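> What follows is the file entry-v3.cif, containing mmCIF, C-alpha atoms:
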```cif
data_run
#
loop_
_atom_site.label_atom_id
_atom_site.label_comp_id
_atom_site.auth_asym_id
_atom_site.auth_seq_id
_atom_site.Cartn_x
_atom_site.Cartn_y
_atom_site.Cartn_z
CA MET I 1 118.29 53.69 41.35
CA LYS I 2 121.80 55.11 41.44
CA ALA I 3 123.86 56.73 44.12
CA TYR I 4 127.01 58.78 44.18
CA ILE I 5 129.58 57.84 46.79
CA ARG I 6 130.59 61.20 48.21
CA SER I 7 132.91 59.81 50.84
CA ALA I 8 134.05 56.39 51.98
CA VAL I 9 135.91 55.40 55.13
CA SER I 10 137.08 51.97 56.21
CA ILE I 11 138.70 50.42 59.25
CA SER I 12 140.15 47.08 58.25
CA PRO I 13 143.15 44.81 58.88
CA GLN I 14 145.01 47.09 56.44
CA ASN I 15 146.03 50.72 56.93
CA THR I 16 142.85 52.06 55.43
CA PHE I 17 141.48 54.57 57.91
CA ASP I 18 143.94 57.26 56.90
CA ASN I 19 142.65 58.22 53.47
CA SER I 20 145.86 60.07 52.63
CA SER I 21 147.23 56.94 50.99
CA PHE I 22 145.45 54.06 49.31
CA LEU I 23 146.67 50.53 50.03
CA ASN I 24 150.32 51.45 49.62
CA GLY I 25 151.64 48.39 51.44
CA LEU I 26 150.27 45.08 52.58
CA ALA I 27 149.89 44.45 56.32
CA GLU I 28 150.97 40.83 56.65
CA TYR I 29 149.44 38.36 59.09
CA GLN I 30 150.45 34.87 60.16
CA GLY I 31 147.60 32.58 61.16
CA ASN I 32 143.95 32.40 60.23
CA ARG I 33 142.76 35.58 61.89
CA LEU I 34 143.07 39.17 60.68
CA ASN I 35 142.23 41.90 63.17
CA CYS I 36 141.64 45.51 62.34
CA ILE I 37 144.27 48.21 62.57
CA GLU I 38 142.41 50.70 64.70
CA PRO I 39 142.90 54.43 65.15
CA ASP I 40 143.07 56.28 68.49
CA TYR I 41 139.35 56.57 69.09
CA ASN I 42 139.76 59.29 71.71
CA GLU I 43 140.78 61.63 68.90
CA ILE I 44 137.52 60.94 67.08
CA ILE I 45 134.94 60.23 69.78
CA ALA I 46 135.06 62.04 73.14
CA PRO I 47 136.33 59.66 75.86
CA LYS I 48 133.20 60.28 77.94
CA LEU I 49 131.09 59.09 75.02
CA ASN I 50 133.19 56.14 73.89
CA ARG I 51 133.91 54.61 77.31
CA ARG I 52 130.96 52.25 77.08
CA MET I 53 131.32 51.41 73.41
CA SER I 54 132.57 48.01 72.36
CA ARG I 55 135.24 47.70 69.68
CA LEU I 56 132.75 47.23 66.82
CA ILE I 57 130.74 50.26 67.87
CA LYS I 58 133.88 52.37 68.09
CA MET I 59 135.02 51.15 64.69
CA SER I 60 131.63 51.94 63.17
CA ALA I 61 131.24 55.30 64.88
CA ALA I 62 134.77 56.39 63.92
CA CYS I 63 134.14 55.46 60.28
CA ALA I 64 130.73 57.13 60.25
CA LEU I 65 131.88 60.38 61.84
CA THR I 66 134.90 60.61 59.55
CA CYS I 67 132.77 59.79 56.52
CA LEU I 68 130.37 62.62 57.36
CA LYS I 69 133.27 64.98 58.00
CA ASP I 70 134.88 64.11 54.66
CA ALA I 71 131.57 64.74 52.91
CA GLY I 72 131.06 68.04 54.72
CA ILE I 73 127.75 66.91 56.20
CA THR I 74 126.87 67.24 59.87
CA SER I 75 123.77 65.08 59.90
CA PRO I 76 122.46 62.72 57.20
CA ASP I 77 118.82 62.08 56.32
CA ALA I 78 119.14 58.38 57.07
CA ILE I 79 121.51 55.96 58.72
CA ILE I 80 121.44 52.42 57.36
CA THR I 81 123.73 49.67 58.55
CA GLY I 82 124.26 46.04 57.69
CA THR I 83 125.78 43.48 60.01
CA ALA I 84 125.49 39.72 60.21
CA TYR I 85 126.77 39.14 63.72
CA GLY I 86 126.17 42.52 65.36
CA CYS I 87 128.00 43.37 68.55
CA LEU I 88 129.52 39.97 69.26
CA GLU I 89 131.89 41.16 71.97
CA ASP I 90 129.07 42.47 74.16
CA THR I 91 126.98 39.41 73.36
CA GLY I 92 129.83 37.23 74.64
CA ILE I 93 130.25 39.37 77.76
CA PHE I 94 126.53 39.25 78.49
CA LEU I 95 126.16 35.50 78.01
CA THR I 96 129.31 34.78 80.04
CA SER I 97 127.97 36.97 82.85
CA VAL I 98 124.68 35.05 82.88
CA ILE I 99 126.65 31.90 83.65
CA GLU I 100 129.24 33.42 86.00
CA GLN I 101 126.66 35.33 88.04
CA ASP I 102 124.44 32.27 88.28
CA GLU I 103 121.57 34.04 86.49
CA GLU I 104 121.44 36.80 89.11
CA PRO I 105 120.69 40.39 87.94
CA LEU I 106 123.41 41.60 85.60
CA THR I 107 124.91 44.91 84.61
CA PRO I 108 122.82 46.25 81.76
CA THR I 109 125.40 47.74 79.43
CA ALA I 110 126.57 44.58 77.68
CA PHE I 111 122.99 43.41 77.16
CA VAL I 112 121.80 46.78 75.89
CA GLN I 113 124.72 46.98 73.48
CA SER I 114 124.61 43.39 72.30
CA THR I 115 121.84 44.07 69.81
CA HIS I 116 122.58 44.32 66.10
CA ASN I 117 121.29 47.87 65.73
CA THR I 118 123.50 49.31 68.47
CA ALA I 119 126.10 50.69 66.05
CA GLY I 120 123.51 52.54 63.96
CA ALA I 121 121.83 53.80 67.10
CA GLN I 122 125.07 55.00 68.70
CA ILE I 123 125.99 56.89 65.53
CA ALA I 124 122.56 58.55 65.58
CA LEU I 125 123.02 59.48 69.25
CA LEU I 126 126.47 60.92 68.63
CA ILE I 127 125.31 63.22 65.84
CA LYS I 128 121.79 63.71 67.23
CA CYS I 129 120.18 62.35 64.07
CA ASN I 130 116.50 61.53 64.65
CA TYR I 131 115.73 60.50 61.10
CA TYR I 132 115.37 57.10 59.43
CA ASN I 133 117.58 54.51 61.10
CA ASN I 134 117.59 50.91 60.01
CA THR I 135 119.84 47.89 60.41
CA PHE I 136 119.82 44.89 58.11
CA VAL I 137 120.76 41.51 59.53
CA SER I 138 120.74 39.20 56.54
CA GLY I 139 123.75 36.95 56.84
CA GLY I 140 126.23 37.34 54.01
CA VAL I 141 124.16 40.00 52.22
CA SER I 142 123.51 42.29 55.19
CA PHE I 143 125.55 45.12 53.72
CA GLU I 144 124.05 44.66 50.26
CA ASN I 145 120.53 44.94 51.72
CA ALA I 146 121.57 48.13 53.51
CA LEU I 147 122.78 49.46 50.15
CA LEU I 148 119.56 48.45 48.40
CA ASP I 149 117.55 50.27 51.07
CA ALA I 150 119.73 53.34 50.58
CA LEU I 151 119.23 53.23 46.80
CA MET I 152 115.46 52.96 47.22
CA LEU I 153 115.41 55.86 49.68
CA LEU I 154 117.41 57.97 47.25
CA SER I 155 114.98 57.15 44.43
CA GLU I 156 112.15 58.41 46.66
CA ASN I 157 113.98 61.49 47.87
CA GLU I 158 116.64 62.83 45.56
CA GLN I 159 117.71 65.47 48.05
CA ALA I 160 118.65 62.95 50.69
CA ASN I 161 122.13 62.28 52.01
CA ILE I 162 122.36 58.76 53.33
CA LEU I 163 124.99 57.26 55.58
CA ALA I 164 125.28 53.54 54.87
CA GLY I 165 127.74 51.09 56.31
CA GLY I 166 128.61 47.48 56.88
CA MET I 167 130.48 46.03 59.84
CA ASP I 168 131.30 42.80 61.59
CA GLU I 169 133.88 41.88 64.19
CA ILE I 170 135.74 38.72 65.06
CA THR I 171 136.09 37.80 68.73
CA ASP I 172 137.83 34.95 70.51
CA ILE I 173 134.48 33.20 70.96
CA SER I 174 133.30 33.65 67.38
CA HIS I 175 136.70 32.62 66.03
CA THR I 176 136.59 29.42 68.08
CA ILE I 177 133.03 28.58 67.02
CA LEU I 178 133.60 29.36 63.34
CA SER I 179 136.82 27.34 63.42
CA ARG I 180 134.84 24.36 64.63
CA THR I 181 132.48 24.69 61.69
CA GLY I 182 135.46 24.39 59.34
CA LEU I 183 135.29 27.95 58.05
CA TYR I 184 138.96 28.67 58.70
CA LYS I 185 142.12 26.94 57.52
CA HIS I 186 144.09 24.70 59.85
CA GLY I 187 147.85 24.73 59.91
CA PRO I 188 150.27 27.46 58.90
CA VAL I 189 148.68 30.15 56.78
CA SER I 190 149.33 33.75 55.99
CA ASN I 191 147.36 36.35 54.09
CA THR I 192 150.32 36.50 51.72
CA ASN I 193 149.91 32.87 50.62
CA LEU I 194 146.13 32.56 50.98
CA PHE I 195 145.52 31.82 47.31
CA LEU I 196 148.41 29.37 46.94
CA LEU I 197 147.49 26.71 49.50
CA ASN I 198 144.65 24.94 47.64
CA SER I 199 143.15 23.69 50.89
CA LYS I 200 139.78 23.95 52.55
CA GLY I 201 138.91 26.92 54.73
CA THR I 202 139.87 30.55 54.69
CA ILE I 203 141.14 33.24 57.07
CA GLY I 204 138.83 35.15 59.38
CA GLY I 205 138.55 38.88 59.16
CA GLU I 206 136.59 41.87 60.30
CA GLY I 207 136.00 45.47 59.47
CA ALA I 208 133.75 48.47 59.20
CA ALA I 209 133.20 50.67 56.17
CA PHE I 210 130.84 53.60 55.79
CA PHE I 211 129.70 55.59 52.77
CA LEU I 212 127.93 58.88 52.33
CA LEU I 213 125.53 58.35 49.45
CA ALA I 214 123.75 61.07 47.50
CA SER I 215 121.89 61.31 44.22
CA LYS I 216 123.43 64.62 43.19
CA PRO I 217 126.72 64.86 41.32
CA SER I 218 129.63 66.60 42.99
CA GLU I 219 133.25 67.08 42.06
CA HIS I 220 134.16 65.28 45.28
CA ASN I 221 132.27 62.08 44.47
CA LEU I 222 134.43 58.98 44.37
CA ALA I 223 132.24 56.79 42.19
CA ASN I 224 128.68 55.94 41.31
CA ILE I 225 126.82 52.85 42.52
CA ASP I 226 124.91 51.69 39.44
CA ALA I 227 123.21 48.61 40.81
CA VAL I 228 123.18 46.06 43.61
CA ALA I 229 121.68 42.57 43.49
CA THR I 230 121.67 39.46 45.62
CA PHE I 231 120.78 35.85 44.99
CA TYR I 232 120.58 32.82 47.21
CA LYS I 233 122.07 29.34 46.83
CA PRO I 234 122.37 29.08 43.04
CA ALA I 235 122.14 25.50 41.83
CA ASP I 236 125.30 25.61 39.74
CA ILE I 237 127.71 27.80 37.81
CA THR I 238 125.22 28.12 34.95
CA GLU I 239 122.64 29.71 37.21
CA THR I 240 125.25 32.02 38.72
CA ALA I 241 126.39 33.10 35.25
CA GLN I 242 122.76 33.72 34.28
CA HIS I 243 122.26 35.94 37.31
CA ILE I 244 125.32 37.95 36.42
CA SER I 245 124.42 38.27 32.74
CA SER I 246 120.89 39.39 33.61
CA PHE I 247 122.25 41.86 36.15
CA LEU I 248 124.57 43.39 33.56
CA ALA I 249 121.90 43.34 30.84
CA ALA I 250 119.58 45.31 33.14
CA GLN I 251 122.29 47.98 33.14
CA CYS I 252 122.51 47.76 29.34
CA ILE I 253 126.05 46.43 29.43
CA SER I 254 127.77 43.08 28.97
CA ALA I 255 130.69 41.39 30.67
CA SER I 256 133.14 42.87 28.16
CA ASP I 257 132.20 46.38 29.38
CA ILE I 258 133.58 45.62 32.83
CA ASP I 259 137.02 47.14 33.40
CA LEU I 260 137.78 45.32 36.64
CA PHE I 261 136.19 42.22 38.12
CA ILE I 262 136.66 42.11 41.90
CA THR I 263 135.96 38.68 43.28
CA GLY I 264 135.33 37.29 46.74
CA ASN I 265 137.97 34.58 46.38
CA ASN I 266 138.87 33.61 49.92
CA GLY I 267 141.33 30.77 49.34
CA ASP I 268 138.82 28.06 50.24
CA ALA I 269 139.29 25.21 47.75
CA LYS I 270 135.73 24.11 48.47
CA HIS I 271 134.02 27.29 47.29
CA ASP I 272 136.46 29.25 45.13
CA LYS I 273 135.99 27.30 41.88
CA VAL I 274 133.06 29.46 40.86
CA PHE I 275 135.30 32.51 40.48
CA ALA I 276 137.71 30.81 38.10
CA GLN I 277 134.81 29.33 36.16
CA LEU I 278 133.16 32.72 35.82
CA GLN I 279 136.43 34.20 34.68
CA GLN I 280 136.51 31.65 31.86
CA LEU I 281 132.81 31.82 31.04
CA LEU I 282 132.16 35.56 31.13
CA PHE I 283 135.19 37.61 32.05
CA ASP I 284 138.04 35.98 30.13
CA ARG I 285 139.34 39.33 28.88
CA VAL I 286 138.57 41.32 31.99
CA PRO I 287 141.25 42.09 34.61
CA SER I 288 140.38 40.61 37.98
CA ALA I 289 141.46 41.20 41.55
CA ASN I 290 140.84 39.62 44.94
CA TYR I 291 140.43 41.43 48.24
CA LYS I 292 140.02 38.89 51.04
CA ASN I 293 143.76 38.50 51.50
CA LEU I 294 143.55 42.10 52.72
CA CYS I 295 140.53 41.97 55.05
CA GLY I 296 139.85 38.28 55.65
CA GLU I 297 136.50 36.56 55.33
CA TYR I 298 133.44 37.95 57.12
CA PRO I 299 129.81 38.36 56.13
CA THR I 300 129.98 42.08 55.35
CA SER I 301 133.36 42.04 53.62
CA THR I 302 131.77 43.58 50.51
CA ALA I 303 131.70 46.87 52.40
CA PHE I 304 135.51 46.73 52.31
CA ALA I 305 135.38 45.68 48.64
CA LEU I 306 133.16 48.66 47.82
CA TRP I 307 135.49 51.03 49.66
CA MET I 308 138.38 49.57 47.66
CA ALA I 309 136.52 49.69 44.33
CA ALA I 310 135.40 53.29 44.85
CA ASN I 311 138.97 54.36 45.52
CA ILE I 312 140.25 52.42 42.51
CA VAL I 313 137.76 54.18 40.26
CA LYS I 314 138.57 57.58 41.76
CA ALA I 315 142.34 57.03 41.45
CA ASN I 316 141.98 55.23 38.11
CA SER I 317 144.61 52.75 39.19
CA ILE I 318 144.76 49.37 40.86
CA PRO I 319 147.08 49.09 43.86
CA ALA I 320 149.95 46.69 43.25
CA ILE I 321 149.21 44.73 46.44
CA LEU I 322 145.98 43.43 44.89
CA GLY I 323 148.07 41.36 42.49
CA HIS I 324 145.44 41.73 39.78
CA THR I 325 145.57 39.66 36.64
CA GLY I 326 144.91 40.74 33.07
CA VAL I 327 145.68 43.90 31.15
CA THR I 328 144.03 46.98 32.57
CA LYS I 329 142.48 49.58 30.34
CA ASN I 330 143.57 53.21 30.34
CA LYS I 331 140.42 54.27 32.10
CA ILE I 332 138.68 52.20 34.76
CA ASN I 333 135.06 53.08 34.18
CA LYS I 334 133.13 50.12 35.45
CA VAL I 335 133.96 47.76 38.30
CA LEU I 336 131.91 44.70 39.20
CA ILE I 337 132.17 43.17 42.66
CA TYR I 338 130.98 39.58 42.86
CA ASN I 339 131.07 37.84 46.20
CA HIS I 340 129.53 34.88 47.89
CA TYR I 341 129.54 33.95 51.55
CA GLN I 342 129.95 30.20 52.02
CA ASN I 343 128.31 29.69 48.61
CA ILE I 344 124.97 30.60 50.19
CA TYR I 345 124.62 34.35 49.91
CA HIS I 346 125.72 35.76 46.55
CA SER I 347 125.89 39.42 45.66
CA LEU I 348 126.74 41.79 42.84
CA ILE I 349 127.67 45.45 43.14
CA LEU I 350 128.32 47.49 40.00
CA ILE I 351 130.03 50.84 40.29
CA SER I 352 131.19 53.29 37.67
CA ALA I 353 133.33 56.37 37.35
CA CYS I 354 131.54 59.67 37.81
CA MET W 355 136.01 54.43 105.76
CA ASP W 356 138.94 55.81 103.76
CA THR W 357 139.81 52.33 102.53
CA LEU W 358 136.20 51.67 101.51
CA ILE W 359 136.05 54.99 99.63
CA ALA W 360 139.31 54.21 97.82
CA ASP W 361 138.04 50.71 96.92
CA LEU W 362 134.75 52.12 95.70
CA LYS W 363 136.48 54.59 93.42
CA VAL W 364 138.40 51.78 91.74
CA GLN W 365 135.27 49.64 91.47
CA ILE W 366 133.23 52.51 90.01
CA ALA W 367 135.95 53.38 87.49
CA THR W 368 136.21 49.73 86.45
CA GLN W 369 132.49 49.01 86.33
CA LEU W 370 131.67 52.20 84.43
CA LYS W 371 134.79 51.98 82.22
CA ILE W 372 135.94 55.47 83.18
CA LYS W 373 139.34 55.74 81.52
CA ASN W 374 139.93 59.45 81.20
CA ILE W 375 139.87 60.05 84.98
CA LYS W 376 142.03 58.13 87.46
CA PRO W 377 140.06 56.57 90.33
CA GLU W 378 142.00 58.58 92.89
CA ASP W 379 141.08 61.78 91.07
CA ILE W 380 137.38 61.25 91.73
CA GLY W 381 136.51 63.51 94.67
CA ASP W 382 135.03 61.90 97.77
CA ASP W 383 132.12 64.36 97.70
CA GLU W 384 132.07 65.04 93.96
CA PRO W 385 128.57 64.58 92.47
CA LEU W 386 128.50 61.29 90.58
CA PHE W 387 125.73 62.52 88.29
CA GLY W 388 125.40 65.85 86.57
CA GLY W 389 129.10 66.57 87.17
CA GLY W 390 132.39 66.06 85.46
CA LEU W 391 132.21 62.29 85.35
CA GLY W 392 129.48 62.42 82.70
CA LEU W 393 127.47 59.55 84.13
CA ASP W 394 123.91 58.83 83.01
CA SER W 395 120.89 56.68 83.84
CA LEU W 396 122.47 53.51 82.51
CA ASP W 397 125.29 54.02 85.00
CA VAL W 398 122.76 54.09 87.85
CA LEU W 399 121.82 50.53 86.92
CA GLU W 400 125.50 49.60 86.80
CA LEU W 401 125.99 50.99 90.31
CA ILE W 402 122.90 49.15 91.62
CA VAL W 403 124.34 45.88 90.31
CA LEU W 404 127.76 46.80 91.76
CA LEU W 405 126.26 47.18 95.22
CA ARG W 406 124.39 43.93 94.85
CA GLN W 407 127.29 41.86 93.54
CA LYS W 408 130.13 43.26 95.67
CA TYR W 409 128.33 44.17 98.89
CA LYS W 410 125.12 42.09 98.73
CA LEU W 411 123.08 45.24 99.22
CA LYS W 412 119.83 46.28 97.57
CA ILE W 413 118.38 49.76 97.15
CA SER W 414 114.87 49.36 98.50
CA ASN W 415 113.29 52.30 96.66
CA ALA W 416 114.13 54.88 94.02
CA GLU W 417 114.15 57.81 96.49
CA ASP W 418 116.92 56.17 98.49
CA GLY W 419 118.93 55.83 95.33
CA GLN W 420 119.10 59.60 94.87
CA HIS W 421 120.83 59.93 98.25
CA VAL W 422 122.99 56.81 98.00
CA PHE W 423 124.41 57.67 94.58
CA ARG W 424 125.02 61.34 95.32
CA SER W 425 128.78 60.81 95.76
CA VAL W 426 131.37 58.15 96.52
CA ARG W 427 131.19 59.09 100.21
CA SER W 428 127.39 58.68 100.32
CA MET W 429 127.75 55.26 98.70
CA ALA W 430 130.40 54.30 101.25
CA GLU W 431 128.18 55.50 104.12
CA PHE W 432 125.27 53.46 102.77
CA ILE W 433 127.46 50.36 102.52
CA LYS W 434 128.92 50.80 105.98
CA SER W 435 125.61 51.41 107.74
CA ASN W 436 123.79 48.60 105.96
CA GLN W 437 126.59 46.08 106.40
CA VAL W 438 126.55 46.84 110.13
CA GLN W 439 122.79 46.29 110.17
CA ASN W 440 123.13 43.02 108.26
CA GLN W 441 125.72 41.77 110.74
#
```
Could you render the structure from this file as structure tokens?

Amino acid sequence: MKAYIRSAVSISPQNTFDNSSFLNGLAEYQGNRLNCIEPDYNEIIAPKLNRRMSRLIKMSAACALTCLKDAGITSPDAIITGTAYGCLEDTGIFLTSVIEQDEEPLTPTAFVQSTHNTAGAQIALLIKCNYYNNTFVSGGVSFENALLDALMLLSENEQANILAGGMDEITDISHTILSRTGLYKHGPVSNTNLFLLNSKGTIGGEGAAFFLLASKPSEHNLANIDAVATFYKPADITETAQHISSFLAAQCISASDIDLFITGNNGDAKHDKVFAQLQQLLFDRVPSANYKNLCGEYPTSTAFALWMAANIVKANSIPAILGHTGVTKNKINKVLIYNHYQNIYHSLILISAC
Amino acid sequence: MDTLIADLKVQIATQLKIKNIKPEDIGDDEPLFGGGLGLDSLDVLELIVLLRQKYKLKISNAEDGQHVFRSVRSMAEFIKSNQVQNQ
């Protein structure tokens, strides 16, 4: 079960949509909320078609269409998306309308587009793709489950081209609710000092990233997805380390074969210890890098991490803004992404150079 | 009537999130569906709710809807005649 990443496109709080440069400079944010830097959607999606789309749908559709264009494919054989929260903006509009209109009949658009599979469906409508279309809503491993589905489809049909993506948005309502749960830091914070504060909470983020996956090699491929795995609520660091060792052993490699360890550190003193412990236990000689100071914390942030990792492998260099630690090897062959969302959903994505 | 038509154009543009055409550029007799506005069946539902929320009017059957939603002027005529009846 392997897949080549033929193209990858991301809209994030960094300047990522324009693939002409790769994380050249850090977009700095004050406060605990990072919002995406968005392109002019009218240049990508006809105004008549995008007028009804919410921000998340536009972000997803713009990434998907550009991803297909970059890969030279007009219509894929499957569209698979992963999202934990779905179209929150339309959900908020719909629920607010229910109250404001005193439960009288409402306009249908917000309701119709509040479902989780709207983004995948809108992409299919835009490109008139009537094939397999699936959306995974699995909390902090929604994107990983979309990837696993894509890998399984590719193992069944080696000719297939699969469009897979992960996306989640942050809205005023969701930011308020998640702040109440203690997910975000209180007080002054910036994405530039996220890992220095040693306090509870993190910074909220959002983003969309799409990938064209194929099982056939091509000179244009960015990287290869070797394996994806998830695990749920490990008891302790020992169990987490066992999961990782087993995952690597299944790929006939060990921790020392990893050239870059990308971690889901999010600056939350409550949950970040595991990353430092793993660094000591398994990856003491492996360079490591964080990514959530770039995109913030959200359940499908690994889609951004995969976009970043694929570009690192393709460019064979680690952008300076990642502030990675350790001595990098001459050739970055294998990159492991390890993330957890609120120490509940844990995931591993292993990619390698083509 | 002219004021009602002008108001309706703004309300339609807002409700249907039409951003590429200014409300005043929508023709009084321009077909709302099948024309340059690019409206579809979901927009019919939006317009039904618009009439209900703004003007307290209901479309009694689907056949009426075809005439009412032909153009901005036909919508305005429907509103004017039914509001007179309601009064």
> Suppose a student applies the PyMOL selection byres ((chain W and resi 374) around 9) to this structure; what residues should they get, written as a PyMOL selection string?
(chain I and resi 47-48+51) or (chain W and resi 372-373+375-376)
> Please provide the set of residues having any atom within 8 Å of stretch 412-428 of chain W, restricted to all atoms listed in the file, with same-chain residues fewer than 3 positions apart removed, written as a CSV table (one decimal) with C-alpha atoms, in the frame of the given file.

```
chain,number,residue,atom,x,y,z
W,359,ILE,CA,136.0,55.0,99.6
W,362,LEU,CA,134.8,52.1,95.7
W,363,LYS,CA,136.5,54.6,93.4
W,381,GLY,CA,136.5,63.5,94.7
W,382,ASP,CA,135.0,61.9,97.8
W,383,ASP,CA,132.1,64.4,97.7
W,384,GLU,CA,132.1,65.0,94.0
W,385,PRO,CA,128.6,64.6,92.5
W,386,LEU,CA,128.5,61.3,90.6
W,387,PHE,CA,125.7,62.5,88.3
W,398,VAL,CA,122.8,54.1,87.8
W,402,ILE,CA,122.9,49.2,91.6
W,405,LEU,CA,126.3,47.2,95.2
W,406,ARG,CA,124.4,43.9,94.8
W,431,GLU,CA,128.2,55.5,104.1
W,432,PHE,CA,125.3,53.5,102.8
```
> Evaluate the PyMOL selection byres ((chain I and resi 223-236) around 7) against this structure - the residues, as a list in words, please.
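Here the PyMOL selection byres ((chain I and resi 223-236) around 7) matches Lys2, Ala3, Tyr4, Ile5, Glu144, Leu148, Asn221, Leu222, Ile237, Thr238, Glu239, Thr240, Ala310, Val313, Lys314, Asn343, Ile344, Tyr345, His346, Ser347, Leu348, Ile349, Leu350, Ile351, Ser352, Ala353 and Cys354 of chain I.
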> Hey, list the chain W side of the contact with chain I: 9 Å cut-off, only C-alpha atoms, answer as a ChimeraX atom specification.
/W:369-374,391-393,396-397,399-404,406-407
> Can you give me, as a list in words, the residues this file yields under the PyMOL selection byres ((chain I and resi 213) around 7)?
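Checking the PyMOL selection byres ((chain I and resi 213) around 7) against this file, the residues are Ala3, Tyr4, Ile5, Arg6, Asn161, Ile162, Leu163, Phe211, Leu212 and Ala214 of chain I.
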> Expressed in Å to a single decimal, how great is the separation between atom CA of I:Ala8 and atom CA of I:Gly267?
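Atom-to-atom, atom CA of I:Ala8 and atom CA of I:Gly267 are spaced 26.8 Å apart.
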> Given the choices I:Leu336, I:Leu197, I:Leu178, I:Ala305, which gets closest to I:Ala255 if the distance is worked out from only C-alpha atoms?
I:Leu336
> If I take atom CA of I:Trp307 and atom CA of I:Leu56, how far is one from the other in Å, to one decimal?
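For atom CA of I:Trp307 relative to atom CA of I:Leu56, the distance reads 17.8 Å.
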> Contacts of I:Asn293 at 12 Å or less, counting all atoms listed in the file, minus same-chain residues fewer than 4 places along, as an MDAnalysis selection string?
chainID I and resid 12:14 26:34 189:196 202:206 263:268 289 297:298 301 304:305 321:323
> What is the distance between atom CA of I:Glu38 and atom CA of I:Leu23, in Å to one decimal?
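These two atoms are separated by 15.3 Å.
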> Counting only C-alpha atoms, what is within 9 Å of W:Leu358, bar same-chain residues fewer than 5 positions away, as a ChimeraX atom specification?
/W:363,430,433-434
